[in-house]
There are 2 protein chains.
Amino acid sequence: MERFIQIDAPLIELLQEVMEERFISKKDFLLQEGQRCLHQYFVVQGCFRMFYINPKGMEQIITFGIEDWWITDYDSLLNQQASEHNIQALEDAVVLSITREKLEYLFKTHRALETYFRIVNERVRIADQRRLQFMFDLSGEELYDTFYQANPGFVQRIPQYMLASYLGFTPEFLSKIRSKKRK
Amino acid sequence: MERFIQIDAPLIELLQEVMEERFISKKDFLLQEGQRCLHQYFVVQGCFRMFYINPKGMEQIITFGIEDWWITDYDSLLNQQASEHNIQALEDAVVLSITREKLEYLFKTHRALETYFRIVNERVRIADQRRLQFMFDLSGEELYDTFYQANPGFVQRIPQYMLASYLGFTPEFLSKIRSKKRK
DNA sequence: CGGTCTCTTGACGGAGTTCAAAGCTAGTGG
DNA sequence: CCACTAGCTTTGAACTCCGTCAAGAGACCG
């Protein structure tokens, strides 16, 4: 938070009080399809994936969430409807959670917090746009290379088929990319 | 704005004073590659496209902007660097423009305005995510159908090859989709 | 009218998918 | 601590969607 706003001690203490610490075991869910999403989660430790079941019945990964990132399903959260998404821990994890109601209340009383989230969402828009451009411009192999370079080490943390899903192709194809590289 | 915040008369008047009205002729640019983007634009009348030149040398359209939408290049605006994008009018148009500096000043003095943009960006994140899901799930033909249904009339306002670019395929392929439908 | 911009059509090629089978790895219980 | 199983990765052959290239036909604007 200090990257984006000047945060004072009282606000830090308040957040520590209000946000609930949760320990999640590998493979457990923060959110499952059909539930209403009520919280925003800050990942303290661990790794999550957010995915849905696409029309072909396959799991499609939208995004990952790791340490120091926020994760939630905004569509379900803001429009107060059942989620089509799942958020699942890929490792044992620790998150801080806060309900949308509490957060909006804090926005009113603590202006800096709202500024913080305004800025975060501006940054996410930039990142989302870059990702879209990558998907337009790059071949499967180039997508893999680019992701690999940009996120050193992360590829080791997750099964390859999840990376394939995130990048928008099949595990078989990713396997062929990798086997080609071995030569 | 009234959709998202309670806006009072003084703020409305202030915005009318501070924001500059600009008339843009068809084919003229609000932003060109290489320039620093300094403004956020609110489209009063007309239609814009935001595009860049991809590695193959083709124009790739990222998004359109029409009446009552904001348009800008956040990456250039916030990171204060030369833009890789172009924003061009597809029709004679009217916009209200405001520099980022002025807007951030207004955020400080007029809280409701910052709340408004926080909410707008949350909504845009939802829309961006839906678009990503469409691109994962749908074939070219389905993308066209879905866009056509969701934006009745808009397809008539723009050349077909721009729609093809936005949807992520070639004008030739779009032409084949349409010729198939005629039967 | 004349040229530029836009759309269409067809033949061919290639990136990525699908399906099926087999090999590998890691977690789990006995 | 081993054996077994479920989960993950690899490989190959056939196939599909969509891109590329090239040529022509409209359509719009000065």
# chains A, B, ... in the order shown; residues from 1 in each chain; ligands from 1
$ interface_residues --of "chain D" --to "chain A" --cutoff "10 Å" --atoms "only C-alpha atoms (C1' of nucleotides)" --output "list in words"
DC8, DT9, DT10 and DT11 of chain D
$ write_last_selection --atoms "N, CA and C atoms (P, O5', C5', C4', C3', O3' and C1' of nucleotides)" --output "PDB file, in the first residue's frame"
ATOM      1  P    DC D   8      -3.111 -32.618 -11.369  1.00  0.00           P
ATOM      2  O5'  DC D   8      -1.942 -32.785 -12.435  1.00  0.00           O
ATOM      3  C5'  DC D   8      -0.601 -32.918 -11.962  1.00  0.00           C
ATOM      4  C4'  DC D   8       0.267 -33.394 -13.086  1.00  0.00           C
ATOM      5  C3'  DC D   8       0.250 -32.536 -14.353  1.00  0.00           C
ATOM      6  O3'  DC D   8       1.512 -31.903 -14.443  1.00  0.00           O
ATOM      7  C1'  DC D   8       0.303 -34.882 -14.832  1.00  0.00           C
ATOM      8  P    DT D   9       1.870 -30.988 -15.736  1.00  0.00           P
ATOM      9  O5'  DT D   9       2.489 -32.068 -16.723  1.00  0.00           O
ATOM     10  C5'  DT D   9       3.727 -32.679 -16.395  1.00  0.00           C
ATOM     11  C4'  DT D   9       4.181 -33.555 -17.546  1.00  0.00           C
ATOM     12  C3'  DT D   9       4.314 -32.829 -18.883  1.00  0.00           C
ATOM     13  O3'  DT D   9       5.650 -33.021 -19.325  1.00  0.00           O
ATOM     14  C1'  DT D   9       3.109 -34.862 -19.129  1.00  0.00           C
ATOM     15  P    DT D  10       6.182 -32.394 -20.683  1.00  0.00           P
ATOM     16  O5'  DT D  10       6.022 -33.625 -21.671  1.00  0.00           O
ATOM     17  C5'  DT D  10       6.775 -34.804 -21.430  1.00  0.00           C
ATOM     18  C4'  DT D  10       6.401 -35.871 -22.449  1.00  0.00           C
ATOM     19  C3'  DT D  10       6.561 -35.450 -23.911  1.00  0.00           C
ATOM     20  O3'  DT D  10       7.527 -36.306 -24.505  1.00  0.00           O
ATOM     21  C1'  DT D  10       4.491 -36.573 -23.545  1.00  0.00           C
ATOM     22  P    DT D  11       8.261 -35.924 -25.858  1.00  0.00           P
ATOM     23  O5'  DT D  11       7.496 -36.774 -26.960  1.00  0.00           O
ATOM     24  C5'  DT D  11       7.019 -38.081 -26.622  1.00  0.00           C
ATOM     25  C4'  DT D  11       6.080 -38.590 -27.696  1.00  0.00           C
ATOM     26  C3'  DT D  11       6.158 -37.890 -29.061  1.00  0.00           C
ATOM     27  O3'  DT D  11       6.598 -38.847 -30.004  1.00  0.00           O
ATOM     28  C1'  DT D  11       3.904 -38.187 -28.362  1.00  0.00           C
TER      29       DT D  11
END
$ select_by_dssp --residues "range 26-173 of chain B" --states "alpha helix (DSSP H)" --output "NGL selection string"
:B and (74-79 or 100-109 or 111-137 or 140-150 or 154-157 or 160-167 or 171-173)
$ write_last_selection --atoms "C-alpha atoms" --output "CSV table (one decimal), in the first residue's frame"
chain,number,residue,atom,x,y,z
B,74,TYR,CA,-3.7,4.9,-19.1
B,75,ASP,CA,-0.3,3.4,-19.6
B,76,SER,CA,1.1,6.6,-21.2
B,77,LEU,CA,-1.0,8.8,-18.9
B,78,LEU,CA,0.1,7.3,-15.6
B,79,ASN,CA,3.6,6.2,-16.4
B,100,ARG,CA,-4.4,14.2,-15.6
B,101,GLU,CA,-2.9,16.9,-13.3
B,102,LYS,CA,-6.1,18.8,-13.1
B,103,LEU,CA,-8.1,15.7,-12.5
B,104,GLU,CA,-5.8,14.6,-9.7
B,105,TYR,CA,-6.1,18.0,-8.2
B,106,LEU,CA,-9.9,17.7,-8.3
B,107,PHE,CA,-9.7,14.3,-6.7
B,108,LYS,CA,-8.2,16.0,-3.7
B,109,THR,CA,-10.7,18.7,-3.5
B,111,ARG,CA,-13.9,13.4,-3.1
B,112,ALA,CA,-17.1,12.4,-5.0
B,113,LEU,CA,-15.1,12.6,-8.2
B,114,GLU,CA,-12.5,10.1,-7.0
B,115,THR,CA,-15.2,7.8,-5.9
B,116,TYR,CA,-16.8,8.0,-9.4
B,117,PHE,CA,-13.6,7.0,-11.1
B,118,ARG,CA,-12.9,4.2,-8.6
B,119,ILE,CA,-16.3,2.8,-9.5
B,120,VAL,CA,-15.9,3.3,-13.2
B,121,ASN,CA,-12.6,1.4,-13.1
B,122,GLU,CA,-14.2,-1.4,-11.1
B,123,ARG,CA,-16.9,-1.7,-13.8
B,124,VAL,CA,-14.3,-1.6,-16.6
B,125,ARG,CA,-12.4,-4.5,-14.9
B,126,ILE,CA,-15.6,-6.6,-15.1
B,127,ALA,CA,-16.1,-5.7,-18.7
B,128,ASP,CA,-12.5,-6.5,-19.6
B,129,GLN,CA,-12.8,-9.9,-17.9
B,130,ARG,CA,-15.9,-10.7,-19.8
B,131,ARG,CA,-14.2,-9.8,-23.1
B,132,LEU,CA,-11.3,-12.1,-22.2
B,133,GLN,CA,-13.7,-14.9,-21.6
B,134,PHE,CA,-15.4,-14.4,-24.9
B,135,MET,CA,-12.0,-14.5,-26.6
B,136,PHE,CA,-11.2,-17.8,-24.8
B,137,ASP,CA,-14.6,-19.4,-25.4
B,140,GLY,CA,-14.6,-16.1,-34.8
B,141,GLU,CA,-18.2,-16.5,-36.0
B,142,GLU,CA,-19.5,-16.7,-32.4
B,143,LEU,CA,-17.5,-13.6,-31.5
B,144,TYR,CA,-19.1,-11.7,-34.4
B,145,ASP,CA,-22.6,-12.9,-33.5
B,146,THR,CA,-22.2,-12.0,-29.8
B,147,PHE,CA,-20.9,-8.5,-30.6
B,148,TYR,CA,-23.6,-8.0,-33.1
B,149,GLN,CA,-26.3,-8.9,-30.6
B,150,ALA,CA,-24.7,-7.0,-27.7
B,154,PHE,CA,-23.0,-0.1,-33.8
B,155,VAL,CA,-21.7,-2.4,-36.5
B,156,GLN,CA,-23.3,-0.1,-39.1
B,157,ARG,CA,-21.2,2.8,-37.8
B,160,GLN,CA,-16.1,-4.1,-41.2
B,161,TYR,CA,-12.4,-4.4,-41.3
B,162,MET,CA,-12.2,-2.4,-38.0
B,163,LEU,CA,-14.6,-4.8,-36.4
B,164,ALA,CA,-12.5,-7.7,-37.6
B,165,SER,CA,-9.4,-6.2,-36.0
B,166,TYR,CA,-11.2,-5.5,-32.7
B,167,LEU,CA,-12.5,-9.1,-32.6
B,171,PRO,CA,-11.2,-8.8,-42.6
B,172,GLU,CA,-11.1,-11.6,-45.1
B,173,PHE,CA,-12.3,-14.0,-42.5
$ select_by_dssp --residues "chain B" --states "strand (DSSP E or B)" --output "VMD selection string"
chain B and resid 20 to 24 29 to 31 36 39 to 45 47 to 53 59 to 66 70 to 71 82 86 to 89 93 to 99
$ interface_residues --of "chain C" --to "chain B" --cutoff "8 Å" --atoms "only C-alpha atoms (C1' of nucleotides)" --output "list in words"
DT6, DC7 and DT8 of chain C
$ write_last_selection --atoms "C-alpha atoms (C1' of nucleotides)" --output "short mmCIF file (atom, residue, chain, number, x, y, z; two decimals), in the first residue's frame"
data_model
loop_
_atom_site.label_atom_id
_atom_site.label_comp_id
_atom_site.auth_asym_id
_atom_site.auth_seq_id
_atom_site.Cartn_x
_atom_site.Cartn_y
_atom_site.Cartn_z
"C1'" DT C 6 -13.50 -1.15 -48.61
"C1'" DC C 7 -15.39 -5.68 -49.26
"C1'" DT C 8 -15.48 -10.24 -51.54
#
$ residues_around --residues "DT20 in chain D" --least-positions-apart "5" --cutoff "10 Å" --atoms "only C-alpha atoms (C1' of nucleotides)" --output "number ranges by chain"
B: 172; C: 12-14
$ closest_residue --among "B:Arg22, B:Arg49, B:Arg36, B:His85" --to "chain A" --atoms "only C-alpha atoms"
B:His85
$ residues_around --residues "DT5 in chain D" --least-positions-apart "6" --cutoff "12 Å" --atoms "only C-alpha atoms (C1' of nucleotides)" --output "PyMOL selection string"
chain C and resi 25-29
$ write_last_selection --atoms "N, CA and C atoms (P, O5', C5', C4', C3', O3' and C1' of nucleotides)" --output "PDB file, in the first residue's frame"
ATOM      1  P    DT C  25       9.942 -38.886 -14.060  1.00  0.00           P
ATOM      2  O5'  DT C  25       8.914 -38.334 -12.978  1.00  0.00           O
ATOM      3  C5'  DT C  25       7.951 -37.350 -13.341  1.00  0.00           C
ATOM      4  C4'  DT C  25       7.074 -37.061 -12.149  1.00  0.00           C
ATOM      5  C3'  DT C  25       7.761 -37.242 -10.795  1.00  0.00           C
ATOM      6  O3'  DT C  25       7.540 -36.060 -10.064  1.00  0.00           O
ATOM      7  C1'  DT C  25       5.730 -38.501 -10.877  1.00  0.00           C
ATOM      8  P    DA C  26       8.107 -35.761  -8.635  1.00  0.00           P
ATOM      9  O5'  DA C  26       6.790 -35.740  -7.740  1.00  0.00           O
ATOM     10  C5'  DA C  26       5.557 -35.269  -8.307  1.00  0.00           C
ATOM     11  C4'  DA C  26       4.436 -35.619  -7.347  1.00  0.00           C
ATOM     12  C3'  DA C  26       4.849 -35.650  -5.887  1.00  0.00           C
ATOM     13  O3'  DA C  26       3.721 -35.302  -5.112  1.00  0.00           O
ATOM     14  C1'  DA C  26       4.144 -37.786  -6.491  1.00  0.00           C
ATOM     15  P    DG C  27       3.891 -34.606  -3.714  1.00  0.00           P
ATOM     16  O5'  DG C  27       2.586 -35.098  -2.937  1.00  0.00           O
ATOM     17  C5'  DG C  27       1.309 -34.991  -3.580  1.00  0.00           C
ATOM     18  C4'  DG C  27       0.492 -36.223  -3.269  1.00  0.00           C
ATOM     19  C3'  DG C  27       0.330 -36.512  -1.766  1.00  0.00           C
ATOM     20  O3'  DG C  27      -1.039 -36.762  -1.529  1.00  0.00           O
ATOM     21  C1'  DG C  27       1.097 -38.443  -2.891  1.00  0.00           C
ATOM     22  P    DT C  28      -1.660 -36.669  -0.051  1.00  0.00           P
ATOM     23  O5'  DT C  28      -2.506 -38.011   0.072  1.00  0.00           O
ATOM     24  C5'  DT C  28      -2.545 -38.894  -1.054  1.00  0.00           C
ATOM     25  C4'  DT C  28      -2.818 -40.315  -0.583  1.00  0.00           C
ATOM     26  C3'  DT C  28      -2.900 -40.498   0.941  1.00  0.00           C
ATOM     27  O3'  DT C  28      -3.994 -41.342   1.245  1.00  0.00           O
ATOM     28  C1'  DT C  28      -1.245 -41.926   0.051  1.00  0.00           C
ATOM     29  P    DG C  29      -4.487 -41.493   2.733  1.00  0.00           P
ATOM     30  O5'  DG C  29      -4.614 -43.077   2.834  1.00  0.00           O
ATOM     31  C5'  DG C  29      -5.045 -43.826   1.689  1.00  0.00           C
ATOM     32  C4'  DG C  29      -4.500 -45.233   1.788  1.00  0.00           C
ATOM     33  C3'  DG C  29      -4.667 -45.872   3.178  1.00  0.00           C
ATOM     34  O3'  DG C  29      -4.925 -47.251   2.997  1.00  0.00           O
ATOM     35  C1'  DG C  29      -2.388 -45.815   2.607  1.00  0.00           C
TER      36       DG C  29
END
$ residues_around --residues "Leu11 in chain B" --least-positions-apart "2" --cutoff "12 Å" --atoms "only C-alpha atoms (C1' of nucleotides)" --output "list in words"
Met1, Glu2, Ile5, Gln6, Ile7, Asp8, Ala9, Glu13, Leu14, Leu15, Gln16, Glu17, Val18, Met19, Leu106, Phe107, Thr109, His110, Arg111, Ala112 and Leu113 of chain B
$ write_last_selection --atoms "N, CA and C atoms" --output "compact mmCIF listing (two decimals), in the first residue's frame"
# COMPACT_ATOMS: atom_id res chain seq x y z
N MET B 1 -22.60 10.18 -14.72
CA MET B 1 -22.02 10.23 -13.38
C MET B 1 -23.06 9.96 -12.31
N GLU B 2 -24.29 10.42 -12.61
CA GLU B 2 -25.34 10.24 -11.60
C GLU B 2 -25.64 8.78 -11.33
N ILE B 5 -22.56 8.16 -8.47
CA ILE B 5 -22.37 8.99 -7.27
C ILE B 5 -23.48 10.02 -7.17
N GLN B 6 -23.62 10.57 -5.98
CA GLN B 6 -24.48 11.73 -5.81
C GLN B 6 -23.64 12.95 -6.13
N ILE B 7 -24.00 13.60 -7.19
CA ILE B 7 -23.17 14.71 -7.66
C ILE B 7 -23.93 16.01 -7.39
N ASP B 8 -23.25 16.96 -6.77
CA ASP B 8 -23.95 18.21 -6.43
C ASP B 8 -23.70 19.30 -7.47
N ALA B 9 -24.54 20.29 -7.47
CA ALA B 9 -24.49 21.35 -8.48
C ALA B 9 -23.13 22.04 -8.57
N GLU B 13 -20.84 22.35 -12.09
CA GLU B 13 -20.41 23.65 -12.63
C GLU B 13 -18.89 23.72 -12.77
N LEU B 14 -18.21 23.21 -11.74
CA LEU B 14 -16.76 23.22 -11.77
C LEU B 14 -16.22 22.42 -12.96
N LEU B 15 -16.81 21.24 -13.17
CA LEU B 15 -16.37 20.40 -14.29
C LEU B 15 -16.60 21.11 -15.62
N GLN B 16 -17.75 21.75 -15.73
CA GLN B 16 -18.04 22.48 -16.96
C GLN B 16 -17.02 23.58 -17.22
N GLU B 17 -16.55 24.17 -16.15
CA GLU B 17 -15.53 25.21 -16.27
C GLU B 17 -14.17 24.65 -16.66
N VAL B 18 -13.80 23.57 -15.95
CA VAL B 18 -12.44 23.05 -16.06
C VAL B 18 -12.21 22.22 -17.31
N MET B 19 -13.23 21.51 -17.73
CA MET B 19 -13.05 20.62 -18.88
C MET B 19 -13.19 21.41 -20.17
N LEU B 106 -8.47 17.76 -8.68
CA LEU B 106 -9.90 17.70 -8.34
C LEU B 106 -10.23 16.51 -7.44
N PHE B 107 -9.48 15.41 -7.63
CA PHE B 107 -9.69 14.28 -6.73
C PHE B 107 -9.49 14.72 -5.28
N THR B 109 -9.73 17.77 -3.98
CA THR B 109 -10.69 18.74 -3.47
C THR B 109 -12.13 18.23 -3.54
N HIS B 110 -12.39 17.29 -4.42
CA HIS B 110 -13.76 16.81 -4.59
C HIS B 110 -13.80 15.29 -4.56
N ARG B 111 -13.95 14.83 -3.38
CA ARG B 111 -13.94 13.42 -3.09
C ARG B 111 -14.86 12.59 -3.98
N ALA B 112 -16.06 13.12 -4.25
CA ALA B 112 -17.05 12.35 -5.01
C ALA B 112 -16.51 11.97 -6.38
N LEU B 113 -15.66 12.84 -6.91
CA LEU B 113 -15.10 12.58 -8.23
C LEU B 113 -14.16 11.38 -8.21
$ atom_distance --atom1 "CA of Phe51 in chain A" --atom2 "CA of Leu96 in chain A"
20.5 Å
